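Raw input_1.txt, compact mmCIF, C-alpha atoms:
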```
# COMPACT_ATOMS: atom_id res chain seq x y z
CA MET A 266 7.40 160.58 -53.29
CA LEU A 267 10.62 158.62 -52.86
CA GLU A 268 9.80 155.06 -51.82
CA VAL A 269 12.16 152.48 -50.43
CA HIS A 270 10.78 148.94 -50.23
CA GLY A 271 12.41 146.00 -48.49
CA LEU A 272 16.08 146.82 -49.01
CA LYS A 273 18.29 143.87 -48.09
CA LYS A 274 22.05 143.69 -48.15
CA ARG A 275 24.44 141.14 -46.65
CA TYR A 276 28.19 141.34 -46.37
CA GLY A 277 29.22 137.75 -45.67
CA ARG A 278 27.10 136.61 -42.74
CA LYS A 279 26.28 140.11 -41.56
CA ASN A 280 22.90 141.65 -42.39
CA VAL A 281 23.85 145.22 -43.22
CA LEU A 282 20.34 146.11 -44.35
CA ASP A 283 17.48 144.00 -43.10
CA ASN A 284 14.25 144.74 -44.94
CA VAL A 285 14.44 148.53 -44.82
CA SER A 286 11.32 150.36 -46.00
CA PHE A 287 10.31 154.01 -45.72
CA THR A 288 9.15 156.94 -47.80
CA VAL A 289 10.27 160.54 -48.25
CA GLN A 290 7.41 162.92 -49.04
CA PRO A 291 7.88 166.00 -51.23
CA ASN A 292 8.33 169.20 -49.20
CA THR A 293 9.63 167.50 -46.09
CA LEU A 294 12.94 167.11 -44.32
CA THR A 295 13.32 163.48 -43.31
CA CYS A 296 16.21 162.41 -41.10
CA LEU A 297 17.70 158.93 -40.99
CA ILE A 298 19.10 158.68 -37.50
CA GLY A 299 21.37 155.95 -36.25
CA LEU A 300 24.57 155.31 -34.42
CA ASN A 301 27.72 154.62 -36.43
CA GLY A 302 27.40 151.39 -38.40
CA ALA A 303 23.59 151.34 -38.36
CA GLY A 304 23.48 151.26 -42.17
CA LYS A 305 22.66 154.90 -42.93
CA SER A 306 25.18 155.50 -45.70
CA THR A 307 24.56 152.04 -47.18
CA ILE A 308 20.88 152.91 -47.57
CA LEU A 309 21.71 156.14 -49.39
CA LYS A 310 24.14 154.35 -51.72
CA GLY A 311 21.52 151.68 -52.25
CA ILE A 312 18.93 154.27 -53.21
CA MET A 313 21.33 155.81 -55.74
CA GLY A 314 22.26 152.41 -57.21
CA LEU A 315 25.92 152.86 -56.24
CA ILE A 316 26.14 149.46 -54.55
CA PRO A 317 24.39 146.24 -55.50
CA LEU A 318 21.51 145.26 -53.22
CA ASP A 319 20.43 141.68 -52.56
CA SER A 320 16.80 142.68 -52.90
CA GLY A 321 14.42 145.58 -52.61
CA THR A 322 13.12 148.36 -54.84
CA VAL A 323 13.49 152.11 -54.93
CA LEU A 324 10.83 154.18 -56.68
CA ILE A 325 11.10 157.90 -57.30
CA ASP A 326 7.74 159.41 -58.21
CA GLY A 327 6.80 155.94 -59.40
CA THR A 328 9.82 155.30 -61.63
CA GLY A 329 13.21 153.66 -61.23
CA SER A 330 15.08 156.64 -62.73
CA LYS A 331 17.41 158.60 -60.45
CA ASP A 332 17.27 161.78 -62.57
CA ALA A 333 15.08 163.53 -60.00
CA VAL A 334 17.54 162.97 -57.15
CA ALA A 335 20.65 164.92 -56.19
CA TYR A 336 23.02 162.99 -53.93
CA ILE A 337 25.76 164.55 -51.83
CA PRO A 338 28.04 161.98 -50.16
CA ASP A 339 30.00 162.73 -47.00
CA LEU A 340 33.27 163.16 -48.84
CA GLN A 341 34.52 165.74 -51.28
CA THR A 342 33.58 164.69 -54.81
CA MET A 343 35.34 167.50 -56.63
CA PRO A 344 39.11 167.36 -57.26
CA GLY A 345 40.76 169.29 -54.42
CA HIS A 346 42.98 171.41 -56.66
CA MET A 347 39.95 172.98 -58.35
CA THR A 348 38.73 176.37 -57.26
CA VAL A 349 35.15 176.79 -56.09
CA GLY A 350 34.43 178.78 -59.24
CA ASP A 351 35.88 176.09 -61.56
CA ALA A 352 33.84 173.44 -59.81
CA LEU A 353 30.61 175.41 -60.20
CA ASP A 354 31.40 176.01 -63.89
CA TYR A 355 32.04 172.30 -64.27
CA MET A 356 28.62 171.54 -62.77
CA ASN A 357 27.04 174.09 -65.10
CA ASP A 358 28.69 172.47 -68.14
CA HIS A 359 27.68 168.93 -67.23
CA TYR A 360 24.23 169.18 -65.70
CA ALA A 361 21.29 170.52 -67.68
CA ASP A 362 19.32 171.13 -64.47
CA TRP A 363 22.10 173.12 -62.76
CA ASN A 364 20.74 176.43 -61.46
CA GLY A 365 23.51 179.04 -61.61
CA GLU A 366 21.42 181.66 -59.83
CA THR A 367 20.85 179.40 -56.84
CA ALA A 368 24.56 178.60 -56.76
CA GLU A 369 25.57 182.29 -56.81
CA SER A 370 23.02 183.19 -54.17
CA LEU A 371 24.19 180.41 -51.83
CA LEU A 372 27.82 181.30 -52.51
CA ARG A 373 27.13 184.86 -51.27
CA THR A 374 25.13 183.70 -48.27
CA PHE A 375 27.83 181.27 -47.21
CA GLN A 376 30.55 183.84 -48.01
CA LEU A 377 32.60 181.52 -50.17
CA MET A 378 34.82 182.97 -52.90
CA ARG A 379 34.98 181.62 -56.44
CA THR A 380 38.78 181.86 -56.16
CA ASP A 381 38.98 179.62 -53.06
CA VAL A 382 40.79 176.34 -53.71
CA ILE A 383 38.63 173.44 -52.56
CA THR A 384 41.33 171.60 -50.67
CA ASP A 385 42.16 174.77 -48.68
CA LEU A 386 38.57 175.23 -47.47
CA SER A 387 37.93 174.67 -43.76
CA LYS A 388 35.78 171.70 -42.84
CA GLY A 389 32.78 174.00 -42.32
CA ASN A 390 33.30 175.68 -45.69
CA GLN A 391 33.68 172.31 -47.42
CA ALA A 392 30.32 171.35 -45.95
CA LYS A 393 28.79 174.59 -47.24
CA PHE A 394 30.33 174.01 -50.67
CA ASN A 395 28.92 170.47 -50.76
CA LEU A 396 25.46 171.77 -49.91
CA ILE A 397 25.67 174.23 -52.81
CA LEU A 398 26.47 171.33 -55.16
CA GLY A 399 23.25 169.63 -54.04
CA PHE A 400 20.87 172.55 -53.66
CA ALA A 401 21.84 174.20 -56.96
CA LEU A 402 20.62 171.17 -58.87
CA ASP A 403 16.95 171.79 -59.66
CA ARG A 404 15.77 168.37 -58.58
CA PRO A 405 12.79 167.52 -56.40
CA TYR A 406 14.74 165.13 -54.15
CA LEU A 407 17.98 165.75 -52.34
CA ILE A 408 19.94 163.15 -50.41
CA LEU A 409 22.59 164.38 -47.98
CA ASP A 410 24.96 162.07 -46.17
CA GLU A 411 26.02 163.54 -42.80
CA PRO A 412 26.05 167.17 -43.96
CA LEU A 413 26.75 168.41 -40.42
CA ALA A 414 29.28 165.86 -39.17
CA GLY A 415 32.26 167.23 -37.27
CA ILE A 416 31.32 170.88 -37.73
CA ASP A 417 31.43 173.47 -34.94
CA ILE A 418 28.17 174.74 -33.50
CA PHE A 419 28.27 178.22 -35.09
CA THR A 420 28.93 176.89 -38.57
CA LYS A 421 26.21 174.31 -38.02
CA GLU A 422 23.74 177.10 -37.32
CA GLN A 423 24.80 178.91 -40.50
CA ILE A 424 24.37 175.73 -42.48
CA ALA A 425 21.04 174.89 -40.86
CA TRP A 426 19.79 178.22 -42.19
CA ILE A 427 19.39 176.55 -45.58
CA PHE A 428 16.61 174.36 -44.13
CA THR A 429 14.64 177.51 -43.23
CA SER A 430 15.13 179.15 -46.62
CA GLU A 431 13.20 179.29 -49.87
CA PHE A 432 15.63 176.68 -51.26
CA MET A 433 13.75 174.09 -49.17
CA GLU A 434 10.54 174.67 -51.03
CA GLY A 435 9.27 171.97 -53.33
CA ARG A 436 11.95 169.53 -52.24
CA GLY A 437 11.89 166.25 -50.41
CA ILE A 438 15.14 165.97 -48.49
CA LEU A 439 16.57 162.84 -46.93
CA MET A 440 19.57 163.32 -44.71
CA THR A 441 21.52 161.08 -42.38
CA THR A 442 22.89 162.23 -39.09
CA HIS A 443 23.86 160.95 -35.69
CA GLU A 444 23.73 164.34 -33.99
CA ILE A 445 20.53 166.31 -34.17
CA ASP A 446 20.74 168.86 -31.34
CA GLU A 447 21.06 172.01 -33.45
CA ILE A 448 18.60 171.00 -36.16
CA GLU A 449 15.94 169.12 -34.27
CA HIS A 450 13.27 171.84 -34.64
CA LEU A 451 13.80 171.83 -38.43
CA ILE A 452 13.06 168.17 -39.02
CA ASP A 453 9.66 166.99 -40.27
CA ARG A 454 10.17 163.28 -39.94
CA VAL A 455 12.63 160.98 -38.18
CA ILE A 456 13.48 157.37 -38.96
CA PHE A 457 15.52 155.51 -36.36
CA LEU A 458 17.86 152.77 -37.57
CA GLN A 459 19.65 150.09 -35.65
CA ASP A 460 21.69 147.18 -37.02
CA GLY A 461 20.29 147.70 -40.50
CA ARG A 462 16.65 147.78 -39.43
CA VAL A 463 14.11 150.59 -39.09
CA ILE A 464 13.20 150.38 -35.42
CA ASP A 465 11.04 153.48 -35.06
CA GLU A 466 9.52 156.20 -37.23
CA HIS A 467 7.85 159.48 -36.24
CA ASP A 468 6.50 162.78 -37.38
CA ALA A 469 8.56 165.16 -35.19
CA GLU A 470 5.69 167.55 -34.37
CA GLU A 471 3.34 164.66 -33.65
CA MET A 472 5.84 163.17 -31.22
CA ARG A 473 5.97 166.46 -29.33
CA GLU A 474 2.21 166.87 -29.45
CA LEU A 475 1.18 163.34 -28.44
CA HIS A 476 4.07 162.34 -26.19
CA GLY A 477 5.64 165.64 -25.07
CA LYS A 478 8.98 164.28 -26.20
CA SER A 479 11.77 165.79 -28.21
CA VAL A 480 13.52 163.80 -30.92
CA GLN A 481 16.52 163.65 -28.55
CA ASP A 482 14.35 162.17 -25.77
CA ARG A 483 13.08 159.49 -28.13
CA MET A 484 16.59 158.86 -29.42
CA ARG A 485 17.79 158.15 -25.88
CA GLU A 486 14.88 155.77 -25.25
CA VAL A 487 15.41 153.96 -28.52
CA TYR A 488 19.15 153.48 -28.29
CA ALA A 489 19.49 152.96 -24.55
CA ARG A 490 17.31 149.87 -24.44
CA MET B 162 16.99 186.57 -35.32
CA SER B 163 16.56 183.01 -34.22
CA TYR B 164 14.09 182.08 -31.56
CA GLU B 165 14.77 179.48 -28.86
CA PHE B 166 12.20 176.73 -29.17
CA ASP B 167 11.28 174.18 -26.55
CA GLN B 168 11.96 170.88 -28.30
CA ARG B 169 9.26 169.09 -26.33
CA ILE B 170 6.40 171.31 -27.52
CA PRO B 171 5.26 171.32 -31.15
CA VAL B 172 7.07 174.16 -32.91
CA TYR B 173 3.95 175.33 -34.76
CA LEU B 174 2.12 175.75 -31.43
CA GLN B 175 5.01 177.82 -30.09
CA VAL B 176 4.78 180.04 -33.18
CA ILE B 177 1.05 180.52 -32.59
CA ALA B 178 1.69 181.33 -28.91
CA LEU B 179 4.24 183.93 -29.98
CA PHE B 180 1.70 185.57 -32.28
CA LYS B 181 -1.03 185.49 -29.63
CA GLN B 182 1.23 187.22 -27.16
CA ARG B 183 2.11 189.94 -29.66
CA ILE B 184 -1.52 190.38 -30.69
CA ALA B 185 -2.63 190.69 -27.04
CA THR B 186 -0.02 193.37 -26.33
CA ARG B 187 -0.83 195.04 -29.67
CA GLU B 188 2.78 194.78 -30.69
CA LEU B 189 1.03 193.32 -33.72
CA ALA B 190 -1.85 195.72 -34.31
CA PRO B 191 -5.26 194.78 -35.77
CA GLY B 192 -5.04 194.81 -39.54
CA GLN B 193 -1.24 194.86 -39.56
CA GLU B 194 0.48 193.00 -42.38
CA ILE B 195 2.47 189.99 -41.25
CA PRO B 196 5.49 188.38 -42.90
CA SER B 197 4.99 185.81 -45.62
CA ARG B 198 5.41 182.19 -44.63
CA ARG B 199 8.82 182.21 -46.21
CA GLU B 200 9.90 185.36 -44.35
CA LEU B 201 8.59 184.03 -41.05
CA ALA B 202 10.51 180.78 -41.50
CA ALA B 203 13.72 182.72 -42.11
CA GLN B 204 13.07 185.16 -39.21
CA LEU B 205 12.34 182.47 -36.63
CA GLY B 206 14.75 179.91 -38.04
CA ILE B 207 12.09 177.29 -38.64
CA ASN B 208 11.20 174.92 -41.45
CA PRO B 209 8.90 176.66 -44.02
CA ASN B 210 6.45 173.76 -43.61
CA THR B 211 6.12 174.59 -39.93
CA ALA B 212 5.48 178.26 -40.74
CA GLN B 213 2.84 177.13 -43.22
CA ARG B 214 1.18 174.94 -40.61
CA ALA B 215 1.15 177.72 -38.00
CA TYR B 216 -0.45 180.16 -40.46
CA LYS B 217 -3.05 177.64 -41.51
CA GLU B 218 -4.00 177.01 -37.89
CA MET B 219 -4.11 180.75 -37.15
CA GLU B 220 -6.40 181.26 -40.13
CA GLU B 221 -8.72 178.60 -38.77
CA GLN B 222 -8.70 180.29 -35.36
CA GLN B 223 -9.33 183.61 -37.17
CA LEU B 224 -6.25 185.22 -35.64
CA ILE B 225 -5.11 186.21 -39.11
CA THR B 226 -6.93 186.72 -42.39
CA THR B 227 -5.61 185.83 -45.80
CA GLU B 228 -7.06 186.93 -49.08
CA ARG B 229 -5.84 185.95 -52.47
CA ASN B 230 -2.64 187.65 -53.69
CA VAL B 231 -2.21 189.98 -50.72
CA PRO B 232 -0.14 189.52 -47.57
CA SER B 233 -1.90 188.03 -44.55
CA ARG B 234 -3.01 190.42 -41.83
CA ILE B 235 -3.77 190.36 -38.13
CA THR B 236 -7.49 190.15 -37.48
CA MET B 237 -9.46 193.43 -37.27
CA ASP B 238 -12.01 191.76 -35.00
CA GLU B 239 -11.58 193.37 -31.56
CA ARG B 240 -13.56 190.57 -29.92
CA ILE B 241 -10.93 188.06 -31.02
CA VAL B 242 -8.10 190.29 -29.79
CA GLU B 243 -9.85 190.67 -26.42
CA LYS B 244 -10.47 186.92 -26.28
CA ILE B 245 -6.77 186.18 -26.83
CA ARG B 246 -5.84 188.66 -24.12
CA SER B 247 -8.19 187.14 -21.56
CA GLU B 248 -7.08 183.61 -22.52
CA LEU B 249 -3.44 184.51 -21.94
CA LEU B 250 -4.24 186.24 -18.65
CA GLU B 251 -6.28 183.29 -17.47
CA ALA B 252 -3.52 180.85 -18.38
CA ALA B 253 -0.92 182.95 -16.53
CA VAL B 254 -3.13 183.23 -13.44
CA THR B 255 -3.90 179.50 -13.44
CA GLU B 256 -0.21 178.70 -13.61
CA PHE B 257 0.53 181.19 -10.82
CA ILE B 258 -2.20 179.77 -8.57
CA GLN B 259 -0.84 176.27 -9.08
CA SER B 260 2.62 177.25 -7.90
CA VAL B 261 1.25 179.28 -4.97
CA GLN B 262 -1.08 176.49 -3.88
CA ALA B 263 1.81 174.07 -3.98
CA ILE B 264 3.40 176.17 -1.24
CA GLY B 265 0.07 176.32 0.63
CA ALA B 266 0.03 180.12 1.00
CA PRO B 267 -3.36 181.64 2.05
CA LEU B 268 -5.09 184.06 -0.38
CA PRO B 269 -4.79 187.30 1.66
CA GLU B 270 -1.04 186.82 2.05
CA VAL B 271 -0.68 186.10 -1.67
CA VAL B 272 -2.75 189.17 -2.64
CA GLY B 273 -0.71 191.32 -0.28
CA LYS B 274 2.51 190.08 -1.87
CA ILE B 275 1.20 190.75 -5.35
CA GLU B 276 0.20 194.31 -4.49
CA GLN B 277 3.56 194.94 -2.88
CA ALA B 278 5.46 193.51 -5.86
CA TYR B 279 3.39 195.57 -8.30
CA ALA B 280 4.05 198.76 -6.29
CA ASN B 281 7.79 198.05 -6.20
CA ARG B 282 7.93 197.43 -9.94
CA GLY B 283 6.06 200.69 -10.50
CA LYS B 284 8.72 202.56 -8.47
CA GLN B 285 11.58 200.90 -10.37
CA HIS B 286 10.09 201.89 -13.72
CA ALA B 287 9.25 205.45 -12.65
```
As structure tokens, please, write out the structure in this file.
Amino acid sequence: MLEVHGLKKRYGRKNVLDNVSFTVQPNTLTCLIGLNGAGKSTILKGIMGLIPLDSGTVLIDGTGSKDAVAYIPDLQTMPGHMTVGDALDYMNDHYADWNGETAESLLRTFQLMRTDVITDLSKGNQAKFNLILGFALDRPYLILDEPLAGIDIFTKEQIAWIFTSEFMEGRGILMTTHEIDEIEHLIDRVIFLQDGRVIDEHDAEEMRELHGKSVQDRMREVYAR
Amino acid sequence: MSYEFDQRIPVYLQVIALFKQRIATRELAPGQEIPSRRELAAQLGINPNTAQRAYKEMEEQQLITTERNVPSRITMDERIVEKIRSELLEAAVTEFIQSVQAIGAPLPEVVGKIEQAYANRGKQHA
């Protein structure tokens, strides 16, 4: 279990994160949903220890180590002049828990070529490439920052396939998004953020079962008030 | 193949409904092997956890049987198959009656219409 307890962060007089707490269970897809500026990316960076927090703790299976977490930010981390193949080899050389078989399998499914130069990839293909970087690390937790942002609907469906695949198994995934239409039926749990606070939290199936509402319906209620 | 799900109804219940329909029409025959959870998730485009939950529920309702180390199968119990069929028929009729009653149509007129519609469909398919 990935636990986030009481994260607080201020920039000047603004509360960017105001006592944020939640958990990500193994074997679930949890979505952090919020409008732009709600604090989604800040939470992910906070979890990974990439920015200093004013207070709060993050525990991953009971420890403070981040070794069990793969984090994919919403920008390209690999130098653009590299080819896809070079980048995957680089990962293989530097990470002991890199799974080359998973990488090759995803490369075929997403129809990316090892010879493709990263900077020449379309936005959709860059997103696919980024997902490979995360999913090919054999780690029980995966954090994805806006993996579907600005991508056309067909590519989104191709990418969403990964959340129906065997590569999901045994993983707890936390992803941020502000658009959920194409992936709503794939999500196990939703956490709604506003102005750095968790304002609502649901099991997606339970919300449908008990309230007859879709995640979208709830999103409208939450953010329209 | 991806299936269109209603986002306001639990996905696992929609998966069960899909199975019930196919069992009732015998598109899925008694004793037939069904896809693994993983295969089902990929086929329907759903989260593997949801596939798992649907199978668990179907096991509890005895729609499918699972033994160790072999693929799950559709029940061989004809009584269960017949029960699913009559449940589905009853649900369809109830829904139909609700919409007809909302219009306030009397029974003989409705029955007449049904018979006529059935006859016409028969001709079209012949």
Chain A contacts to chain B at 9 Å (all atoms listed in the file) as a count of residues only | 29
In terms of the shortest atom-to-atom distance over only C-alpha atoms, which of B:Met219, B:Ile275, B:Leu224, B:Ala263 is closest to B:Glu239?
-> B:Leu224
Between atom CA of B:Ile184 and atom CA of B:Gln223, measure the distance and give it in Å to one decimal.
-> 12.2 Å
Counting all atoms listed in the file, which of A:Met378, A:Ala333, A:Asp446, A:Thr295 gets nearest to A:Asp362?
-> A:Ala333
Atom CA of B:Ala278 and atom CA of B:Gln182, how far apart in Å?
->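 Rounded to one decimal, the two atoms are 22.6 Å apart.
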If I put a ball of radius 12 Å at (1.7, 187.9, -32.7) in the file's coordinates, which residues poke into it when counting all atoms listed in the file, written as a PDB file with C-alpha atoms, in the frame of the given file?
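Result file follows (out12.pdb):
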```
ATOM      1  CA  GLN B 175       5.010 177.820 -30.090  1.00  0.00           C
ATOM      2  CA  VAL B 176       4.780 180.040 -33.180  1.00  0.00           C
ATOM      3  CA  ILE B 177       1.050 180.520 -32.590  1.00  0.00           C
ATOM      4  CA  ALA B 178       1.690 181.330 -28.910  1.00  0.00           C
ATOM      5  CA  LEU B 179       4.240 183.930 -29.980  1.00  0.00           C
ATOM      6  CA  PHE B 180       1.700 185.570 -32.280  1.00  0.00           C
ATOM      7  CA  LYS B 181      -1.030 185.490 -29.630  1.00  0.00           C
ATOM      8  CA  GLN B 182       1.230 187.220 -27.160  1.00  0.00           C
ATOM      9  CA  ARG B 183       2.110 189.940 -29.660  1.00  0.00           C
ATOM     10  CA  ILE B 184      -1.520 190.380 -30.690  1.00  0.00           C
ATOM     11  CA  ALA B 185      -2.630 190.690 -27.040  1.00  0.00           C
ATOM     12  CA  THR B 186      -0.020 193.370 -26.330  1.00  0.00           C
ATOM     13  CA  ARG B 187      -0.830 195.040 -29.670  1.00  0.00           C
ATOM     14  CA  GLU B 188       2.780 194.780 -30.690  1.00  0.00           C
ATOM     15  CA  LEU B 189       1.030 193.320 -33.720  1.00  0.00           C
ATOM     16  CA  ALA B 190      -1.850 195.720 -34.310  1.00  0.00           C
ATOM     17  CA  PRO B 191      -5.260 194.780 -35.770  1.00  0.00           C
ATOM     18  CA  GLY B 192      -5.040 194.810 -39.540  1.00  0.00           C
ATOM     19  CA  GLN B 193      -1.240 194.860 -39.560  1.00  0.00           C
ATOM     20  CA  GLU B 194       0.480 193.000 -42.380  1.00  0.00           C
ATOM     21  CA  ILE B 195       2.470 189.990 -41.250  1.00  0.00           C
ATOM     22  CA  PRO B 196       5.490 188.380 -42.900  1.00  0.00           C
ATOM     23  CA  LEU B 201       8.590 184.030 -41.050  1.00  0.00           C
ATOM     24  CA  ALA B 215       1.150 177.720 -38.000  1.00  0.00           C
ATOM     25  CA  TYR B 216      -0.450 180.160 -40.460  1.00  0.00           C
ATOM     26  CA  MET B 219      -4.110 180.750 -37.150  1.00  0.00           C
ATOM     27  CA  LEU B 224      -6.250 185.220 -35.640  1.00  0.00           C
ATOM     28  CA  ILE B 225      -5.110 186.210 -39.110  1.00  0.00           C
ATOM     29  CA  ARG B 234      -3.010 190.420 -41.830  1.00  0.00           C
ATOM     30  CA  ILE B 235      -3.770 190.360 -38.130  1.00  0.00           C
ATOM     31  CA  THR B 236      -7.490 190.150 -37.480  1.00  0.00           C
ATOM     32  CA  VAL B 242      -8.100 190.290 -29.790  1.00  0.00           C
ATOM     33  CA  ILE B 245      -6.770 186.180 -26.830  1.00  0.00           C
ATOM     34  CA  ARG B 246      -5.840 188.660 -24.120  1.00  0.00           C
TER      35      ARG B 246
END
```
What would the list of residues within 10 Å of (32.1, 163.3, -49.8) (file frame) look like as a ChimeraX atom specification, if all atoms listed in the file are what count?
-> /A:336-343,391-392,395,409-412
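Across the model, the gap from atom CA of A:Phe400 to atom CA of B:Tyr164 is 25.0 Å.
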Write out as a list of chain:residue names each polymer residue whose atoms come within 10 Å of A:Met484, counting all atoms listed in the file; drop sequence neighbours fewer than 5 positions from it.
-> A:Ile298, A:Gly299, A:His443, A:Ile445, A:Val455, A:Phe457, A:Asp465, A:Lys478, A:Ser479, A:Ala489
